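What's in final23.txt: compact mmCIF, C-alpha atoms
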```txt
# COMPACT_ATOMS: atom_id res chain seq x y z
CA MET A 1 -54.96 16.42 206.01
CA ASP A 2 -51.42 15.97 207.38
CA GLU A 3 -51.00 15.94 211.12
CA VAL A 4 -49.37 18.91 212.83
CA GLU A 5 -46.09 17.93 214.50
CA VAL A 6 -44.62 20.17 217.17
CA VAL A 7 -40.88 20.11 216.43
CA VAL A 8 -39.87 22.46 219.22
CA ALA A 9 -41.80 24.87 221.38
CA HIS A 10 -40.93 27.19 224.25
CA SER A 11 -41.75 30.72 225.37
CA GLU A 12 -39.57 32.39 222.73
CA ARG A 13 -40.44 30.46 219.58
CA ALA A 14 -42.11 27.38 218.17
CA THR A 15 -41.62 25.28 215.05
CA LEU A 16 -44.43 23.18 213.61
CA ARG A 17 -44.34 20.70 210.74
CA VAL A 18 -47.28 20.05 208.43
CA GLY A 19 -46.29 17.58 205.73
CA ASP A 20 -43.26 19.02 203.96
CA VAL A 21 -43.75 22.54 205.32
CA PHE A 22 -42.22 23.93 208.50
CA LEU A 23 -43.89 26.89 210.19
CA LYS A 24 -41.61 28.91 212.45
CA VAL A 25 -43.33 31.26 214.87
CA ASP A 26 -41.02 33.70 216.63
CA ALA A 27 -41.78 36.46 219.10
CA ASP A 28 -38.59 38.26 218.04
CA GLN A 29 -38.91 39.44 214.44
CA ALA A 30 -35.22 40.41 214.39
CA ARG A 31 -34.39 36.70 214.68
CA ILE A 32 -36.51 35.91 211.65
CA ASP A 33 -34.96 38.83 209.75
CA VAL A 34 -31.50 37.37 210.40
CA GLU A 35 -32.62 33.88 209.39
CA VAL A 36 -34.04 35.04 206.07
CA GLU A 37 -31.02 37.16 205.18
CA ALA A 38 -28.50 34.53 206.29
CA MET A 39 -30.09 31.84 204.14
CA ALA A 40 -29.96 34.19 201.16
CA LEU A 41 -26.24 34.86 201.69
CA ALA A 42 -24.95 31.46 202.79
CA PRO A 43 -23.05 29.53 200.06
CA VAL A 44 -24.34 26.18 201.35
CA PRO A 45 -27.66 24.35 200.85
CA THR A 46 -30.47 25.97 202.86
CA PRO A 47 -34.26 25.46 202.99
CA GLU A 48 -36.51 27.12 200.43
CA ILE A 49 -38.52 30.00 201.89
CA LEU A 50 -42.16 29.51 200.87
CA TRP A 51 -43.69 32.62 202.42
CA ARG A 52 -43.41 35.00 205.33
CA ARG A 53 -46.25 36.61 207.24
CA PRO A 54 -44.96 37.94 210.57
CA PRO A 55 -44.68 36.36 213.04
CA VAL A 56 -44.64 33.20 210.87
CA LEU A 57 -41.99 32.00 208.43
CA ALA A 58 -42.83 29.01 206.20
CA ILE A 59 -39.97 26.96 204.79
CA ALA A 60 -39.83 23.74 202.82
CA ALA A 61 -38.40 20.56 204.29
CA VAL A 62 -34.92 19.67 203.06
CA PRO A 63 -34.18 16.20 201.71
CA GLY A 64 -32.12 13.65 203.59
CA THR A 65 -31.81 12.91 207.29
CA VAL A 66 -30.16 14.74 210.15
CA LEU A 67 -26.48 14.07 210.72
CA GLY A 68 -27.27 12.90 214.24
CA HIS A 69 -28.92 13.66 217.56
CA LEU A 70 -27.41 14.90 220.79
CA GLY A 71 -27.42 12.05 223.28
CA ARG A 72 -27.53 9.28 220.68
CA PRO A 73 -24.82 7.66 218.54
CA SER A 74 -24.85 8.96 214.97
CA THR A 75 -25.56 6.46 212.19
CA ALA A 76 -24.08 8.78 209.56
CA SER A 77 -20.86 7.67 207.88
CA PRO A 78 -17.47 9.28 208.45
CA ALA A 79 -17.75 10.61 204.89
CA ALA A 80 -21.02 12.38 205.78
CA TRP A 81 -19.37 14.00 208.80
CA ALA A 82 -16.45 15.06 206.60
CA ALA A 83 -18.92 16.54 204.11
CA ALA A 84 -20.43 18.56 206.94
CA GLY A 85 -16.97 19.84 207.82
CA ALA A 86 -16.40 20.85 204.19
CA ALA A 87 -19.72 22.74 204.13
CA VAL A 88 -18.79 24.61 207.30
CA ARG A 89 -15.47 25.61 205.75
CA GLN A 90 -17.32 26.90 202.68
CA LEU A 91 -19.52 29.03 204.92
CA HIS A 92 -16.56 30.37 206.89
CA GLU A 93 -14.78 31.40 203.69
CA ALA A 94 -17.78 33.41 202.47
CA PRO A 95 -17.86 37.21 202.77
CA LEU A 96 -18.81 38.44 206.22
CA PRO A 97 -22.51 39.22 206.70
CA PRO A 98 -23.32 42.91 207.19
CA TRP A 99 -24.57 42.37 210.76
CA SER A 100 -22.48 41.52 213.78
CA GLY A 101 -24.50 38.61 215.14
CA ARG A 102 -26.80 38.16 218.09
CA ARG A 103 -24.40 36.28 220.38
CA ARG A 104 -21.62 37.74 222.55
CA ARG A 105 -19.31 39.91 220.49
CA GLY A 106 -15.82 39.41 221.88
CA PRO A 107 -13.58 37.69 224.43
CA GLY A 108 -14.22 40.23 227.18
CA GLU A 109 -17.99 39.93 226.95
CA LEU A 110 -17.71 36.15 226.73
CA ALA A 111 -15.50 35.94 229.84
CA ALA A 112 -17.93 38.07 231.84
CA GLU A 113 -20.87 35.94 230.72
CA LEU A 114 -19.04 32.75 231.67
CA ASP A 115 -18.08 34.04 235.12
CA GLY A 116 -21.62 35.19 235.86
CA GLU A 117 -23.23 31.99 234.63
CA CYS A 118 -20.88 29.77 236.63
CA GLU A 119 -21.70 31.73 239.78
CA LEU A 120 -25.41 31.18 239.20
CA LEU A 121 -25.00 27.48 238.44
CA VAL A 122 -23.27 26.92 241.77
CA ALA A 123 -25.35 29.36 243.85
CA ASN A 124 -28.62 27.85 242.63
CA GLY A 125 -27.44 24.27 243.02
CA VAL A 126 -27.89 23.50 239.32
CA LEU A 127 -24.48 21.80 239.04
CA PRO A 128 -21.85 20.68 241.58
CA ALA A 129 -19.17 23.27 242.29
CA ASP A 130 -16.27 20.97 241.34
CA LEU A 131 -17.87 20.21 237.96
CA VAL A 132 -18.35 23.92 237.26
CA THR A 133 -14.87 24.88 238.45
CA ARG A 134 -13.10 22.25 236.35
CA ASN A 135 -15.04 23.11 233.19
CA HIS A 136 -14.56 26.83 233.78
CA ARG A 137 -10.80 26.21 233.65
CA VAL A 138 -11.16 24.15 230.46
CA ALA A 139 -13.45 26.76 228.88
CA GLU A 140 -10.94 29.58 229.35
CA ALA A 141 -8.94 28.31 226.35
CA ALA A 142 -11.81 29.41 224.08
CA ILE A 143 -11.66 32.98 225.38
CA ARG A 144 -9.06 34.50 223.10
CA PRO A 145 -8.98 36.87 220.14
CA TRP A 146 -10.32 35.38 216.89
CA THR A 147 -10.73 36.52 213.32
CA PRO A 148 -14.47 36.81 212.66
CA VAL A 149 -15.98 34.63 209.93
CA PHE A 150 -19.51 34.02 208.64
CA THR A 151 -20.82 31.60 211.28
CA HIS A 152 -24.09 29.72 211.56
CA GLY A 153 -24.11 30.40 215.29
CA ASP A 154 -26.22 27.38 216.32
CA LEU A 155 -24.82 24.55 214.22
CA GLN A 156 -26.25 21.69 216.25
CA VAL A 157 -25.91 18.24 214.73
CA GLU A 158 -29.69 18.15 214.17
CA HIS A 159 -29.48 21.25 211.99
CA VAL A 160 -27.39 19.52 209.30
CA PHE A 161 -29.10 17.18 206.81
CA VAL A 162 -27.21 14.67 204.69
CA ASP A 163 -28.01 12.14 201.99
CA ASP A 164 -25.60 9.76 200.29
CA ASP A 165 -22.65 11.34 202.14
CA ARG A 166 -23.42 14.87 200.96
CA VAL A 167 -24.96 17.83 202.77
CA THR A 168 -28.46 18.51 201.48
CA GLY A 169 -29.41 21.35 203.78
CA ILE A 170 -28.50 23.35 206.87
CA ILE A 171 -31.43 24.80 208.83
CA ASP A 172 -32.15 27.28 211.67
CA TRP A 173 -30.06 30.36 210.82
CA SER A 174 -31.50 32.81 213.36
CA GLU A 175 -28.19 33.03 215.30
CA ALA A 176 -26.02 33.54 212.20
CA GLY A 177 -23.50 36.36 212.10
CA ARG A 178 -19.83 37.20 212.53
CA GLY A 179 -18.19 34.88 215.01
CA ASP A 180 -15.52 32.36 215.91
CA ALA A 181 -15.09 29.57 213.36
CA LEU A 182 -14.19 27.08 216.08
CA PHE A 183 -17.48 27.76 217.86
CA ASP A 184 -19.36 26.35 214.85
CA LEU A 185 -17.11 23.29 214.72
CA ALA A 186 -17.51 22.73 218.46
CA THR A 187 -21.28 23.06 218.31
CA LEU A 188 -21.48 20.57 215.45
CA THR A 189 -19.42 17.97 217.33
CA LEU A 190 -20.81 18.57 220.84
CA GLY A 191 -21.50 15.15 222.32
CA HIS A 192 -20.00 13.46 219.25
CA GLU A 193 -16.30 13.66 220.03
CA GLU A 194 -15.69 10.46 218.06
CA HIS A 195 -16.50 12.35 214.83
CA LEU A 196 -14.29 15.38 215.47
CA ASP A 197 -11.46 14.01 213.32
CA ASP A 198 -13.90 13.39 210.43
CA VAL A 199 -15.22 16.95 210.62
CA VAL A 200 -11.72 18.44 210.78
CA THR A 201 -10.66 16.29 207.80
CA GLY A 202 -13.53 17.70 205.78
CA TYR A 203 -12.86 21.23 207.02
CA GLY A 204 -9.45 20.88 205.46
CA THR A 205 -7.21 23.08 207.54
CA ASP A 206 -5.38 23.02 210.83
CA VAL A 207 -7.62 23.83 213.78
CA ASP A 208 -6.83 24.04 217.47
CA LEU A 209 -8.52 20.97 218.94
CA ASP A 210 -7.99 22.24 222.49
CA VAL A 211 -10.05 25.32 221.68
CA ILE A 212 -12.83 23.17 220.23
CA ARG A 213 -12.85 21.10 223.41
CA ALA A 214 -12.88 24.31 225.42
CA TRP A 215 -15.93 25.45 223.49
CA TRP A 216 -17.68 22.18 224.41
CA SER A 217 -17.30 23.11 228.07
CA LEU A 218 -18.12 26.76 227.48
CA ARG A 219 -21.24 26.14 225.41
CA SER A 220 -22.49 23.54 227.89
CA LEU A 221 -21.93 25.78 230.91
CA LEU A 222 -23.75 28.66 229.24
CA GLY A 223 -26.60 26.46 228.07
CA VAL A 224 -27.54 24.28 231.03
CA ARG A 225 -29.63 26.79 232.97
CA TRP A 226 -31.43 28.06 229.84
CA LEU A 227 -32.30 24.49 228.86
CA VAL A 228 -33.72 23.71 232.29
CA GLU A 229 -35.76 26.93 232.36
CA HIS A 230 -37.24 26.17 228.92
CA GLY A 231 -38.29 22.61 229.64
CA PHE A 232 -35.34 20.67 228.21
CA ASP A 233 -33.20 18.11 230.04
CA PRO A 234 -29.46 18.79 229.76
CA SER A 235 -28.79 15.88 232.12
CA ALA A 236 -30.18 13.29 229.70
CA PRO A 237 -27.58 10.67 228.69
CA GLY A 238 -25.02 12.09 226.27
CA CYS A 239 -26.21 15.67 226.61
CA GLU A 240 -24.64 18.80 228.09
CA VAL A 241 -24.10 17.59 231.64
CA ASP A 242 -22.42 14.42 230.37
CA VAL A 243 -20.23 16.59 228.13
CA LEU A 244 -19.16 18.53 231.23
CA ARG A 245 -18.51 15.33 233.19
CA SER A 246 -16.29 14.03 230.40
CA ARG A 247 -13.87 16.91 231.09
CA MET A 248 -13.33 15.78 234.69
```

Take the structure I supplied and represent it as structure tokens, if you would.
Amino acid sequence: MDEVEVVVAHSERATLRVGDVFLKVDADQARIDVEVEAMALAPVPTPEILWRRPPVLAIAAVPGTVLGHLGRPSTASPAAWAAAGAAVRQLHEAPLPPWSGRRRRGPGELAAELDGECELLVANGVLPADLVTRNHRVAEAAIRPWTPVFTHGDLQVEHVFVDDDRVTGIIDWSEAGRGDALFDLATLTLGHEEHLDDVVTGYGTDVDLDVIRAWWSLRSLLGVRWLVEHGFDPSAPGCEVDVLRSRM
């Protein structure tokens, strides 16, 4: 029998791997509902759904290897990063999903969330005040009106699989919905600034690089405390805290 590998586990959800099958256990069935529907609608390669028995969703492994890992240099080629950018563009050009998305819904809500989170980071001594203040200023460029597109919503580099410079699968769609296109591009390139040009080349249209960089600060500021509380280390080399320091 294959060994059971714990891919990720925290109080909200867990993902296990047994051979070529991934078992996703989620306390929030709405998240699984979104994931299933998003994979059905997305015009890009997604995992095959094998079965669903709440609270468990079983999906097949996708071929290839992940585009990279946060905190480590990527071994994928520039062409593979460009292919990822092209896949993201294909998703963003698809018809909007019928749901609004689970993340913040507009600039006003986003600004309030950022202000509140920055206050907590400083008050609780999670990050130095100067680091928070500087990145808050950088992050403000991302808080502006945008035209909603079909976004993945959590397009971390480890969620994109490639093989022979082509995208073979994009996983973990539970945060998908209507959102800011540049948020997806920023999430994909977080901690991998050296591949931003490759992704934008594949995306194939003019994008505001300053807004992408602002999203790096914004996503990191909003994520640090959650990561700490759920047993992850955002201060590991190359991860969120280093991303914030790079803006200083």

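Taking CA of Val21 in chain A as the reference point, CA of Gly85 in chain A is found at 27.0 Å.
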
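One distance worth recording is that between CA of Arg17 in chain A and CA of Glu5 in chain A, which is 5.0 Å.
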
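Around Val88 in chain A, within 9 Å and counting all atoms listed in the file, the residues found are Val44, Ala83, Ala84, His92, Glu93, Thr151, His152, Ala181, Asp184, Leu185, Gly202 and Tyr203 of chain A, once anything fewer than 4 positions away on its own chain is removed.
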
Of A:Val6, A:Ala87, A:Ala30, A:Cys118, the one nearest to Leu131 in chain A when counting all atoms listed in the file is A:Cys118

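Between CA of Val34 in chain A and CA of Leu190 in chain A lies a distance of 24.0 Å.
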
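Shortest separation to Pro107 in chain A among A:Val122, A:Ile171, A:Ala76, A:Ala141 occurs at residue A:Ala141, atoms counted being only C-alpha atoms.
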
Would you list the residues near (-22.1, 26.5, 227.7), meaning any protein, DNA or RNA residue with an atom at most 12 Å from that point in file coordinates, counting all atoms listed in the file, as JSON, numbers by chain? {"A": [110, 111, 113, 114, 115, 116, 117, 118, 121, 132, 135, 136, 138, 139, 140, 142, 183, 186, 187, 190, 213, 214, 215, 216, 217, 218, 219, 220, 221, 222, 223, 224, 225, 226, 227, 234, 239, 240, 241, 243, 244]}

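Counting all atoms listed in the file and comparing A:Arg89, A:Arg13, A:Arg166, A:Arg52, the residue that lies closest to Val200 in chain A is A:Arg89.
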
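Of the residues listed (A:Thr147, A:Gln90, A:Ser246, A:Asn124), A:Gln90 shows the shortest atom-to-atom separation from Val167 in chain A; distances use all atoms listed in the file.
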
Applying 8 Å and all atoms listed in the file, which residues near Val7 in chain A remain after dropping the ones on its own chain fewer than 4 positions away? List them as a PyMOL selection string. chain A and resi 14-17

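Among the candidate residues A:Arg102, A:His195, A:Arg247, A:His69, the one lying nearest to Ser174 in chain A is A:Arg102, with distances computed using all atoms listed in the file.
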
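Neighbours of Ala94 in chain A closer than or equal to 9 Å, with only C-alpha atoms counted and sequence neighbours fewer than 6 positions away skipped, come out as Leu41, Ala42, Pro43, Val149 and Phe150 of chain A.
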
Centre and edge lengths of an axis-aligned box around all listed atoms of range 10-29 of chain A, with 4 Å added on each side, are to be given in Å to one decimal, as JSON.
```
{"center_x": -42.9, "center_y": 28.5, "center_z": 214.7, "size_x": 16.7, "size_y": 29.9, "size_z": 29.4}
```

Which of these residues is nearest to Ser100 in chain A, using only C-alpha atoms: A:Ala176, A:Ala82, A:Ala236, A:Ala9? A:Ala176

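The environment of Ile49 in chain A within 9 Å, counting all atoms listed in the file and disregarding residues fewer than 4 places along the same chain, consists of A:Val36, A:Met39, A:Leu57, A:Ala58, A:Ile59, A:Ala60.
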